[in-house]
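*Asks:* Dropping a structure here in structure tokens format, bear with me for questions.
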Amino acid sequence: MKSTGTQLDIEAIRQRLEDSRGPKYWQSLEELSDTDDFHAFMNKEFPQHIEEVNANPVSRRNFLKLMGASVALAGASACTKQPTEKILPYVKRPEEIIPGNKPLFYASAHCMGGVASGILVESHMARPTKIEGNPDHPGSLGATDVFAQASILSLYDPDRSQAVIRRGRISTWDVFINEISVALGEQSGKQGAGLRILTETVTSPTAAAQINSILAAYPQAKWHQYDPIHRDNVREGTRLAFGRDATVRYMVEKANVILSLDSDFLASGPGAVRYARDFASRRNVGEGDMDMNRLYQIESTPTATGSIADHRLPQRASDIESIARSVAAGLGLQVSPGATSSDASVAQWVSAIVADLQSQNGSGLIVVGDNQPPVVHALAHAMNEALGNVGNTIEYTRSIEASPVNQTSSLRDLVQDMADEKVDLLFVIDANPVYSSPAGLDFRTQMNKVALRIHQGLYRDETGEQCHWHIPQAHALESWGDARAYDGTVTTIQPMIAPLYGGKTDTELLSVIAGQAGKKSYDLVREYWENSGAVSGEFEAYWQNSIHNGFVRDSRLLAVNLRIQSVAEFGQTPNVSDDMEVIFAADPTVWDGRHANSGWLQELPKPLTKLTWDNAALLAPSTAEQLDVSNGDVLEITFGGNTIQAPVWILPGHARNTTTLHLGYGRSSGGRIATGIGFNAYALRNPSNSWFGTGAQVSKTGETYDLYSTQDHHVVDLEGLGQMQQERHLVRESDLAEYQGDHDVIHDMGHDPAAELSMYPDDHVYGGPNAWGMVIDLNKCNGCNTCTIACQAENNISVVGKDEVGNGREMHWIRLDRYYAGNDLDDPRTFNQPVPCMQCEDAPCELVCPVGATVHTKEGLNDMVYNRCVGTRYCSNNCPYKVRRFNFYLYIENEFNLSQEPVRQMAYNPDVTVRSRGVMEKCTYCTQRISAARISSKISDLPVKDGDVITACQQACPTQAITFGNTKDRSSKVSRLKASDLNYGMLADIGTKPRTTYLGRIRNPNPTLEA
Amino acid sequence: MSQQVRTIQGGQEYTGPGVVGPEYDNTTVTEKISNLVLRKDTELSWFAGVAIGAFGGLILLVSVTYLVLIGTGIWGLNVPVGWGFAIINFVWWIGIGHAGTLISAILHLMQQSWRNSINRFAEAMTIFAVMCAGMFPLLHVGRPWLAYWLMPLPNTMALWPQWRSPLVWDVFAVSTYFTVSLIFWYMGMIPDLGTLRDRATNPYLRQLFGLLSMGWRGATSHWARYEKAYLILAGLSTPLVLSVHSVVSFDFAVSLVPGWHTTVFPPYFVAGAVYAGFAMVLTCTIPVRKYYGLEGLITIRHLENMAKVTLATGYIVIYGYAMEAFISWYSASPYEGFMMWNRMWSGPYWWSYWMLLFCNAFSIQFLWFKKLRRSPIFLWFLSLIVGVGMWLERFVIVVTSLARDYLPSSWDVYSGTVWDWSLYIGTIGFFIMMMFLFIRFLPIIPMSEMKMILPRSKKAE
């Protein structure tokens, strides 16, 4: 064993030895310090433990053994005197837990940017395995986004920090408390003048109260908030419009006409899951509801929202203010109108939008993206007010944030104070500013001037490495806590499992600063609410109820009546240069970089680009042509004095003369998966241009870089693509007027042979009571990807790594096919089509399998028998939909699944087989869920009802685009949808009789823009 | 009594009307052929040849070991291209084997006695080619150790083949083919093995050949039974020539992949196989006859006849290409139409289609010229081109069809990796090694059958 590497913290060892009770035998200092190196050595010397766990990842026995061992080791590695804890035999089972029976679900919350969304966590024998949306929570309504789905994987991420680190060495929480209390003592002498706390956006009432009490105790101390994906423009926009902070809430379902200015409100940001649902509720042509909404999308970077829009206009981010002004002026507001665009279609658009919005009598809506400057937000508020939308499609509440601040200024102030050496003691809580602050601030250098720096985070990341202390943070699924939802609903967070790595919650760290060391997060949250005065009646019942529901009912913030102060303050139309523009955006899968260590999210094909494992400089085809670059050519981009190199990805529909750089890549210390992939776009960002700016210099370096996308591996034959799509009618679209004139228009696009025309006998016996089928409504799907990752979590799907994606071997069981239509490469129409297994009634795969490993069930499922499969891959060749996925290697044990770590194995769903090498796999319609329903039905002797079986993709889908059920039951929703005249089977003309069908997309265009 | 071993000098091209050179009579034929086996000195070049083949065999071993250890991921396969080199090579090797069976069975039934001097050689080629071919379907599966599940073996796991799958038909077609070819080859060799037993001076060799010749004494009753059995086996093999490659073609034709789903495949595959097989016989015999001075036994006339068969079967293949293109247009199916257009012009593999046409359609037109048909050098080069062409044909069918099938979203490209190539080269090495061993240890030309045709050949002169 090498003794070098992690240095030993002698002091901590001594203390631990002193603290341990009774005679303690020890062999080496390494053993006492309980370092990672020691564990690695132990595992190397005695590898049978590891082997055993690897060999049988999901066995209950091993799981219990592991848990037992964890409990024992937790005792061994304790750093304080342990209270006597009795281990109880499993004679009396805990209430409601029946080993091997159904999992239990607990309500909790998932937070993004401080904003909570309700979730239900599936727990098998006290082991959380899957996240679902909380159907009662207003921010979820049962759906989730990709990040909530993937959070289960981060719980079991072996790269999360696992120990308190003091100056690079392992230490203990108690040593930390002792040392900090000294530093805090110094601070209390000078009223906390040197104390700073940096957090991300805080909506948690408990944490906010704690911070406020700290600020009361140390009046000179300061609290800074900074989230790299901040919403400063939104905050400043409401201040500009109303002179105060407010949170904007949209009632998308009431809007007939929506104008979105560079906003991806259906797929990212607070409330996106809810907005997507509300938006889709007005796209219900499939159920005969002709009352469709209409979405105009003017955007720079193509987004999921843009892909579902009826009209989409690509414009540079800098040019959108001008359009907003023109629309405002058109609506009669006294603002300086936008500059006349060189693009003739803009004027036409503006007049069409103005007329359309005005005709809605208050049922229009204007939504602005977080990246647009405050004045655009203010203009939108003014326009919404002028149109009478306020109170109908949009309302304002007091801010859901505990302390809304301009986060860029807040961070800048902090950096200034640090530079002036005013800061002695800095707490960075759940933030990673060394990585994610704008390069222009040089946060790292200034932070290193602080005498004592404490970092708390899930990972010992770039910031953690620069701090004297690193405190491992408890994962949200290990914590008690609270936060507000997009509408202010108080949402509770309860732990599903004890902290795996001894993490502490942010509230526990704050309680140390507040001088209340030792308080548990449970007590902190509970005490806050008990003393908050918000509760009338008995507290215990309120508490139980809230925890049970996952949120406090009717706690959303009430609308306040706000009026536009003065449009005169909205300034003049800016002069926008025609120089190259740079846009910064949160990455659709790794966000600001915090999810970069998730293999699931890294491999999730990003909406539209379908890129995996990388970010890229996105360019419009025409801009790429001008720069003479193609996919993978490395560009040198200089902006604001900084230069980075980034590979090009050409994205049809992207605005011209601008490039989008997604943040969140180029991590230098983010875990084994995150580190070293992609480029760091923060290096170009500066505080005055958080989101975009013109004047970038872009040049070709001549180098190339391999970018791997899961679609369009080669554009060689793109030429024939449009024509071919027309011939094959894979996605079908019509517009509302045409559809109302001819209801068969979607059906008639393809050739759907009648069953009796087949020469083959109909030899399937569908004897069971159920005939499973699925309908996917293309009117609703916006391509947000949640289904893909929900499926991955539910079905234990392996991550294969970048190279294997490059080899065309990604494993997703449901993928989102993206097609373009139209003649203009720079402004095509975009289609998203989720493709799971079609579960064909005449399945081509079944016929060709030589060993009968894929067979038909009585209920119409096309089953895959993994144990029987020898791996000829003939089924995949013969599958016209190419939904089958092959284990070319033993993927489940590759380095991207981190499955060499025992803890990672706990993330698997015990109801689903983990597939081995050489075996074919594919979508099963979540057969394990069907089985569970069948078992319940047998026990209760009642038939399976519509809605009893919900597939993972269906459950997670924010727009309810996916409907699954029994097609034999004429009253089931799936039967109703299949009876719709929009229903069609993809490639049904080749006679596969797919059970998964689609509802053709109906556009609702504005006739004046169609000509 | 030890027998004198005489060496017959060969090396003269025989262009007369017979099928055997004038230097041969009953004695010299035996001496010439048996001496190739029984001579004591072995030339260094033979060792070099075996070594080259064995080196390829080692590559094969390494490739197979790595494949079984790591998985089929070492190849360039993906979704949608689930089959690649392994299946291409399988079909290619199986096709090559066909000439042997055709020569021994069909030409025998048709009393084309000129085939007597090449049938042993071609049959050996068949055996070794089928061995190479047989490895691929076994190895290309994800879990090769379970490949035996394709066999109808009674077992306690309730496993049984799924009989509608052409892959199961393949198992039967190929294993029957191999068994019959092996028996045919071995049985045909028994009289010659008896001769070798009688002529061998080394007591161990005598024992060995004695064992292998199964007590052959050359009695009339032996001959009578031998002839009958040979005829029956020829009759049995004849349908196999047609069935094996038809079944192999079903692997494709039964599926619904555009470019595979084609009714012309069975005849087109069989013709292609005979075509490739004759090319391979030319590739192998031309250097061997030159090196061992067998021009008088495998004469120019033999070569010319083989060239004629190549040309004839080549035309059936060309008809197949034409029909594929015609039907894809005539069917008016958008999938078929796109497939052909993509294969010829717009796809990533357009070059392979044109190379295929060059090798298989253009190059064989030279065989219309008698002079070229009778030029061993020309035929040898042409046979190589045809070998490449037939490999490309399978590449075009397997890869281009899969890479661009129904859903554009799933399209991808395929290219062979180092391990794809190494397994292929390994089987070629194995084949070369087996051929060299065969040349040295077994009579490469059937002495008894040559003696049967000697009188007629002499008469023709």
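Labels for the structure tokens follow display order: chains A, B, ..., residues from 1 in each chain, ligands from 1.
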Could the residues of chain A within 6 Å of chain B, counting only C-alpha atoms, be given as a PyMOL selection string, please?

*Replies:* chain A and resi 711+713+717+808-809+817+847-852+870-873+877-878+880+888-889+918

*Asks:* Fewer than 4 positions away in the same chain doesn't count, so skip those; otherwise give me all residues within 6 Å of B:Ile103, counting only C-alpha atoms, as an MDAnalysis selection string.

*Replies:* chainID B and resid 99 107 119

*Asks:* Filtering to N, CA and C atoms, could you give me those residues as an mmCIF file, in the first residue's frame?

*Replies:*
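Here's the written file selection11.cif:
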data_model
loop_
_atom_site.group_PDB
_atom_site.id
_atom_site.type_symbol
_atom_site.label_atom_id
_atom_site.label_comp_id
_atom_site.auth_asym_id
_atom_site.auth_seq_id
_atom_site.Cartn_x
_atom_site.Cartn_y
_atom_site.Cartn_z
ATOM 1 N N ALA B 99 -18.106 -24.508 -55.636
ATOM 2 C CA ALA B 99 -17.522 -25.053 -56.851
ATOM 3 C C ALA B 99 -17.165 -26.511 -56.647
ATOM 4 N N LEU B 107 -21.165 -32.257 -62.194
ATOM 5 C CA LEU B 107 -20.398 -32.607 -63.386
ATOM 6 C C LEU B 107 -20.200 -34.116 -63.488
ATOM 7 N N ASN B 119 -11.385 -32.394 -59.298
ATOM 8 C CA ASN B 119 -12.436 -32.504 -58.298
ATOM 9 C C ASN B 119 -11.904 -32.668 -56.889
#

*Asks:* Just to confirm, what's the straight-line distance from atom CA of A:Met749 to atom CA of A:Lys978 in Å (one decimal)?

*Replies:*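 Between these atoms lies a distance of 16.7 Å.
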
*Asks:* Near B:Trp350, within 12 Å and counting only C-alpha atoms, which residues show up once chain neighbours fewer than 4 positions away are dropped, as JSON, numbers by chain?

*Replies:* {"A": [716, 717], "B": [339, 340, 341, 342, 343, 344, 345, 346, 354, 355, 356, 357, 392, 395, 396, 399, 400, 401]}

*Asks:* Filtering to N, CA and C atoms, could you give me those residues as a CSV table (one decimal), in the first residue's frame?

*Replies:*
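Output file result_27.csv follows:
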chain,number,residue,atom,x,y,z
A,716,VAL,N,-24.5,13.3,-45.6
A,716,VAL,CA,-24.2,13.0,-47.0
A,716,VAL,C,-25.5,13.0,-47.8
A,717,ASP,N,-26.4,12.2,-47.3
A,717,ASP,CA,-27.6,12.0,-48.1
A,717,ASP,C,-28.8,12.8,-47.6
B,339,MET,N,-33.7,2.7,-51.8
B,339,MET,CA,-32.6,1.8,-51.5
B,339,MET,C,-31.6,1.7,-52.7
B,340,MET,N,-32.2,1.5,-53.9
B,340,MET,CA,-31.4,1.4,-55.1
B,340,MET,C,-30.7,2.7,-55.4
B,341,TRP,N,-31.4,3.8,-55.3
B,341,TRP,CA,-30.9,5.1,-55.6
B,341,TRP,C,-29.7,5.4,-54.6
B,342,ASN,N,-30.0,5.0,-53.4
B,342,ASN,CA,-29.0,5.3,-52.3
B,342,ASN,C,-27.7,4.4,-52.6
B,343,ARG,N,-28.0,3.2,-53.0
B,343,ARG,CA,-26.9,2.2,-53.2
B,343,ARG,C,-26.0,2.6,-54.4
B,344,MET,N,-26.7,3.2,-55.4
B,344,MET,CA,-25.9,3.5,-56.6
B,344,MET,C,-25.3,4.9,-56.5
B,345,TRP,N,-26.1,5.9,-56.0
B,345,TRP,CA,-25.6,7.3,-56.2
B,345,TRP,C,-25.4,8.0,-54.9
B,346,SER,N,-26.4,8.1,-54.0
B,346,SER,CA,-26.4,9.1,-53.0
B,346,SER,C,-25.9,8.6,-51.7
B,354,TRP,N,-20.2,0.3,-57.5
B,354,TRP,CA,-19.6,0.5,-58.8
B,354,TRP,C,-18.3,-0.4,-58.9
B,355,MET,N,-17.6,-0.6,-57.7
B,355,MET,CA,-16.5,-1.5,-57.7
B,355,MET,C,-17.0,-2.9,-58.0
B,356,LEU,N,-18.2,-3.2,-57.4
B,356,LEU,CA,-18.8,-4.6,-57.5
B,356,LEU,C,-19.1,-4.8,-59.0
B,357,LEU,N,-19.7,-3.8,-59.6
B,357,LEU,CA,-20.0,-4.0,-61.1
B,357,LEU,C,-18.8,-4.1,-61.9
B,392,LEU,N,-17.4,-8.0,-52.3
B,392,LEU,CA,-18.1,-6.7,-52.3
B,392,LEU,C,-19.6,-6.9,-52.5
B,395,PHE,N,-21.0,-7.4,-49.3
B,395,PHE,CA,-20.8,-6.1,-48.5
B,395,PHE,C,-22.0,-5.2,-48.9
B,396,VAL,N,-22.2,-5.1,-50.2
B,396,VAL,CA,-23.3,-4.2,-50.7
B,396,VAL,C,-24.6,-4.6,-50.2
B,399,VAL,N,-24.4,-4.5,-45.9
B,399,VAL,CA,-24.2,-3.2,-45.2
B,399,VAL,C,-25.0,-2.1,-45.7
B,400,THR,N,-25.0,-1.9,-47.1
B,400,THR,CA,-25.7,-0.7,-47.5
B,400,THR,C,-27.2,-0.8,-47.3
B,401,SER,N,-27.7,-2.0,-47.3
B,401,SER,CA,-29.2,-2.1,-47.0
B,401,SER,C,-29.5,-1.8,-45.6

*Asks:* Could you pull out the strand (DSSP E or B) residues of stretch 40-271 of chain A, going by DSSP on the backbone, and write them as a PyMOL selection string?

*Replies:* chain A and resi 104-112+115-124+127-133+164-166+169-171+195-199+222-225+247-250+257-261

*Asks:* How would the residues just picked look written out with N, CA and C atoms as a CSV table (one decimal), in the first residue's frame?

*Replies:*
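The resulting file, out-v6.csv, is reproduced below:
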chain,number,residue,atom,x,y,z
A,104,LEU,N,-42.8,1.4,-1.7
A,104,LEU,CA,-43.6,2.6,-1.1
A,104,LEU,C,-43.2,3.9,-1.8
A,105,PHE,N,-44.1,4.8,-1.8
A,105,PHE,CA,-43.8,6.1,-2.4
A,105,PHE,C,-43.9,7.2,-1.3
A,106,TYR,N,-42.9,8.0,-1.3
A,106,TYR,CA,-42.9,9.1,-0.4
A,106,TYR,C,-42.8,10.5,-1.2
A,107,ALA,N,-43.5,11.4,-0.6
A,107,ALA,CA,-43.5,12.8,-1.3
A,107,ALA,C,-42.3,13.5,-0.8
A,108,SER,N,-41.6,14.2,-1.8
A,108,SER,CA,-40.5,15.1,-1.4
A,108,SER,C,-40.4,16.1,-2.5
A,109,ALA,N,-39.3,16.7,-2.7
A,109,ALA,CA,-39.2,17.8,-3.7
A,109,ALA,C,-37.8,17.7,-4.4
A,110,HIS,N,-37.8,18.2,-5.6
A,110,HIS,CA,-36.6,18.4,-6.3
A,110,HIS,C,-36.4,19.9,-6.7
A,111,CYS,N,-35.3,20.4,-6.4
A,111,CYS,CA,-35.1,21.8,-6.6
A,111,CYS,C,-34.1,22.1,-7.7
A,112,MET,N,-34.5,23.1,-8.5
A,112,MET,CA,-33.7,23.6,-9.6
A,112,MET,C,-33.7,25.1,-9.4
A,115,VAL,N,-36.0,26.5,-6.9
A,115,VAL,CA,-37.4,26.4,-7.0
A,115,VAL,C,-37.8,24.9,-7.0
A,116,ALA,N,-38.7,24.6,-6.1
A,116,ALA,CA,-39.0,23.2,-5.9
A,116,ALA,C,-40.1,22.7,-6.8
A,117,SER,N,-40.0,21.4,-7.2
A,117,SER,CA,-41.1,20.8,-7.9
A,117,SER,C,-41.4,19.5,-7.1
A,118,GLY,N,-42.7,19.2,-6.9
A,118,GLY,CA,-43.0,18.0,-6.1
A,118,GLY,C,-42.7,16.7,-6.7
A,119,ILE,N,-42.2,15.8,-6.0
A,119,ILE,CA,-41.9,14.5,-6.5
A,119,ILE,C,-42.4,13.4,-5.6
A,120,LEU,N,-42.6,12.2,-6.1
A,120,LEU,CA,-42.8,11.0,-5.3
A,120,LEU,C,-41.6,10.1,-5.5
A,121,VAL,N,-41.1,9.6,-4.5
A,121,VAL,CA,-39.9,8.8,-4.6
A,121,VAL,C,-40.3,7.3,-4.3
A,122,GLU,N,-40.0,6.5,-5.3
A,122,GLU,CA,-40.3,5.1,-5.1
A,122,GLU,C,-39.2,4.5,-4.3
A,123,SER,N,-39.6,3.7,-3.2
A,123,SER,CA,-38.6,3.2,-2.3
A,123,SER,C,-38.8,1.7,-2.1
A,124,HIS,N,-37.8,1.0,-2.4
A,124,HIS,CA,-37.9,-0.5,-2.2
A,124,HIS,C,-37.1,-0.8,-0.9
A,127,ARG,N,-34.9,1.8,0.1
A,127,ARG,CA,-33.9,2.2,-0.8
A,127,ARG,C,-34.6,2.9,-2.0
A,128,PRO,N,-34.4,4.2,-2.1
A,128,PRO,CA,-35.1,4.9,-3.2
A,128,PRO,C,-34.5,4.5,-4.6
A,129,THR,N,-35.4,4.3,-5.5
A,129,THR,CA,-34.9,3.9,-6.8
A,129,THR,C,-35.4,4.7,-8.0
A,130,LYS,N,-36.5,5.5,-7.8
A,130,LYS,CA,-37.1,6.1,-9.0
A,130,LYS,C,-37.8,7.3,-8.5
A,131,ILE,N,-37.8,8.4,-9.3
A,131,ILE,CA,-38.5,9.6,-9.0
A,131,ILE,C,-39.7,9.7,-9.9
A,132,GLU,N,-40.8,10.0,-9.3
A,132,GLU,CA,-42.0,10.4,-10.2
A,132,GLU,C,-42.5,11.7,-9.7
A,133,GLY,N,-43.3,12.3,-10.6
A,133,GLY,CA,-43.9,13.6,-10.2
A,133,GLY,C,-44.9,13.4,-9.1
A,164,VAL,N,-15.5,15.1,5.5
A,164,VAL,CA,-15.1,16.5,5.8
A,164,VAL,C,-13.7,16.6,5.5
A,165,ILE,N,-13.3,17.6,4.7
A,165,ILE,CA,-11.9,17.8,4.3
A,165,ILE,C,-11.4,19.1,4.9
A,166,ARG,N,-10.3,19.0,5.6
A,166,ARG,CA,-9.7,20.2,6.2
A,166,ARG,C,-8.3,20.3,5.5
A,169,ARG,N,-7.0,17.3,3.9
A,169,ARG,CA,-6.9,16.0,4.6
A,169,ARG,C,-8.3,15.7,5.2
A,170,ILE,N,-8.5,14.5,5.4
A,170,ILE,CA,-9.8,14.1,6.0
A,170,ILE,C,-9.9,14.5,7.4
A,171,SER,N,-11.0,15.1,7.8
A,171,SER,CA,-11.2,15.6,9.1
A,171,SER,C,-12.6,15.2,9.6
A,195,LEU,N,-17.5,38.5,7.7
A,195,LEU,CA,-18.2,37.2,7.4
A,195,LEU,C,-19.1,37.4,6.2
A,196,ARG,N,-18.9,36.4,5.3
A,196,ARG,CA,-19.8,36.4,4.1
A,196,ARG,C,-20.3,35.0,3.9
A,197,ILE,N,-21.5,35.0,3.4
A,197,ILE,CA,-22.2,33.7,3.1
A,197,ILE,C,-22.6,33.8,1.6
A,198,LEU,N,-22.2,32.9,0.8
A,198,LEU,CA,-22.6,32.8,-0.6
A,198,LEU,C,-23.4,31.6,-0.8
A,199,THR,N,-24.6,31.8,-1.3
A,199,THR,CA,-25.5,30.7,-1.6
A,199,THR,C,-26.0,30.9,-3.0
A,222,LYS,N,-22.5,39.8,5.5
A,222,LYS,CA,-23.3,39.9,4.2
A,222,LYS,C,-23.7,38.6,3.7
A,223,TRP,N,-24.8,38.5,3.1
A,223,TRP,CA,-25.3,37.3,2.4
A,223,TRP,C,-25.4,37.6,0.9
A,224,HIS,N,-24.6,36.8,0.2
A,224,HIS,CA,-24.7,37.0,-1.3
A,224,HIS,C,-25.3,35.8,-1.9
A,225,GLN,N,-26.0,36.0,-3.0
A,225,GLN,CA,-26.6,34.9,-3.7
A,225,GLN,C,-26.1,34.9,-5.2
A,247,THR,N,-42.9,37.9,-8.6
A,247,THR,CA,-42.7,36.7,-9.4
A,247,THR,C,-43.9,36.6,-10.4
A,248,VAL,N,-43.5,36.3,-11.6
A,248,VAL,CA,-44.5,36.2,-12.6
A,248,VAL,C,-45.0,34.8,-12.8
A,249,ARG,N,-46.3,34.7,-12.9
A,249,ARG,CA,-46.9,33.3,-13.0
A,249,ARG,C,-47.8,33.4,-14.2
A,250,TYR,N,-47.6,32.4,-15.1
A,250,TYR,CA,-48.5,32.4,-16.3
A,250,TYR,C,-49.6,31.3,-16.2
A,257,VAL,N,-53.4,32.9,-27.6
A,257,VAL,CA,-52.3,33.3,-28.5
A,257,VAL,C,-51.1,33.7,-27.6
A,258,ILE,N,-50.0,33.0,-27.9
A,258,ILE,CA,-48.8,33.2,-27.0
A,258,ILE,C,-47.7,33.7,-27.9
A,259,LEU,N,-47.1,34.8,-27.5
A,259,LEU,CA,-45.9,35.2,-28.1
A,259,LEU,C,-44.7,35.0,-27.2
A,260,SER,N,-43.8,34.2,-27.6
A,260,SER,CA,-42.6,33.9,-26.8
A,260,SER,C,-41.4,34.6,-27.4
A,261,LEU,N,-40.8,35.4,-26.6
A,261,LEU,CA,-39.6,36.1,-27.1
A,261,LEU,C,-38.4,35.4,-26.5

*Asks:* Could you tell me which of B:Leu367, B:Leu379, B:Ile453, B:Ile59 comes closest to B:Ile428 if we count only C-alpha atoms?

*Replies:*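 Answer, going by the shortest atom-to-atom distance: B:Ile59.
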
*Asks:* At what distance in Å, to one decimal, does atom CA of A:Val648 lie from atom CA of A:Asp633?

*Replies:* 5.5 Å

*Asks:* Which parts of stretch 242-453 of chain B does DSSP call helix (DSSP H, G or I) when run on the backbone here, written out as a PyMOL selection string?

*Replies:* chain B and resi 242-253+265-291+300-330+334-346+350-368+370-373+376-403+408-410+418-441+447-453

*Asks:* Can you tell me, as a PyMOL selection string, what residues are no more than 12 Å from A:Val354 when counting only C-alpha atoms, ignoring any on the same chain fewer than 6 positions away?

*Replies:* chain A and resi 257-259+296+323-333+347-348+360+364-366+383-384+386-387+1006+1008

*Asks:* Residues of the last selection are to be written out with C-alpha atoms, as a short mmCIF file (atom, residue, chain, number, x, y, z; two decimals), in the first residue's frame.

*Replies:*
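Output file out-v8.cif follows:
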data_model
loop_
_atom_site.label_atom_id
_atom_site.label_comp_id
_atom_site.auth_asym_id
_atom_site.auth_seq_id
_atom_site.Cartn_x
_atom_site.Cartn_y
_atom_site.Cartn_z
CA VAL A 257 -52.31 33.31 -28.51
CA ILE A 258 -48.84 33.23 -27.03
CA LEU A 259 -45.86 35.25 -28.14
CA TYR A 296 -45.39 32.46 -32.00
CA ILE A 323 -39.00 43.31 -32.23
CA ALA A 324 -40.48 43.57 -28.74
CA ARG A 325 -40.47 47.35 -29.09
CA SER A 326 -42.14 47.18 -32.46
CA VAL A 327 -44.86 44.90 -31.12
CA ALA A 328 -45.30 47.21 -28.11
CA ALA A 329 -45.52 50.22 -30.35
CA GLY A 330 -47.98 48.36 -32.53
CA LEU A 331 -50.09 47.71 -29.45
CA GLY A 332 -50.19 51.41 -28.82
CA LEU A 333 -47.63 51.75 -26.07
CA ALA A 347 -42.42 43.66 -40.14
CA GLN A 348 -45.00 41.23 -41.44
CA GLN A 360 -57.94 37.92 -28.06
CA GLY A 364 -53.15 36.50 -25.20
CA LEU A 365 -49.84 36.10 -23.47
CA ILE A 366 -46.36 37.44 -23.99
CA MET A 383 -47.95 44.75 -23.25
CA ASN A 384 -49.65 42.11 -21.13
CA ALA A 386 -52.28 46.80 -22.23
CA LEU A 387 -53.86 43.70 -23.68
CA ASN A 1006 -52.07 32.52 -38.58
CA THR A 1008 -51.89 36.11 -42.70
#

*Asks:* Can you measure atom CA of B:Leu240 to atom CA of B:Ile106 for me? One decimal in Å is fine.

*Replies:*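 A separation of 10.4 Å between them.
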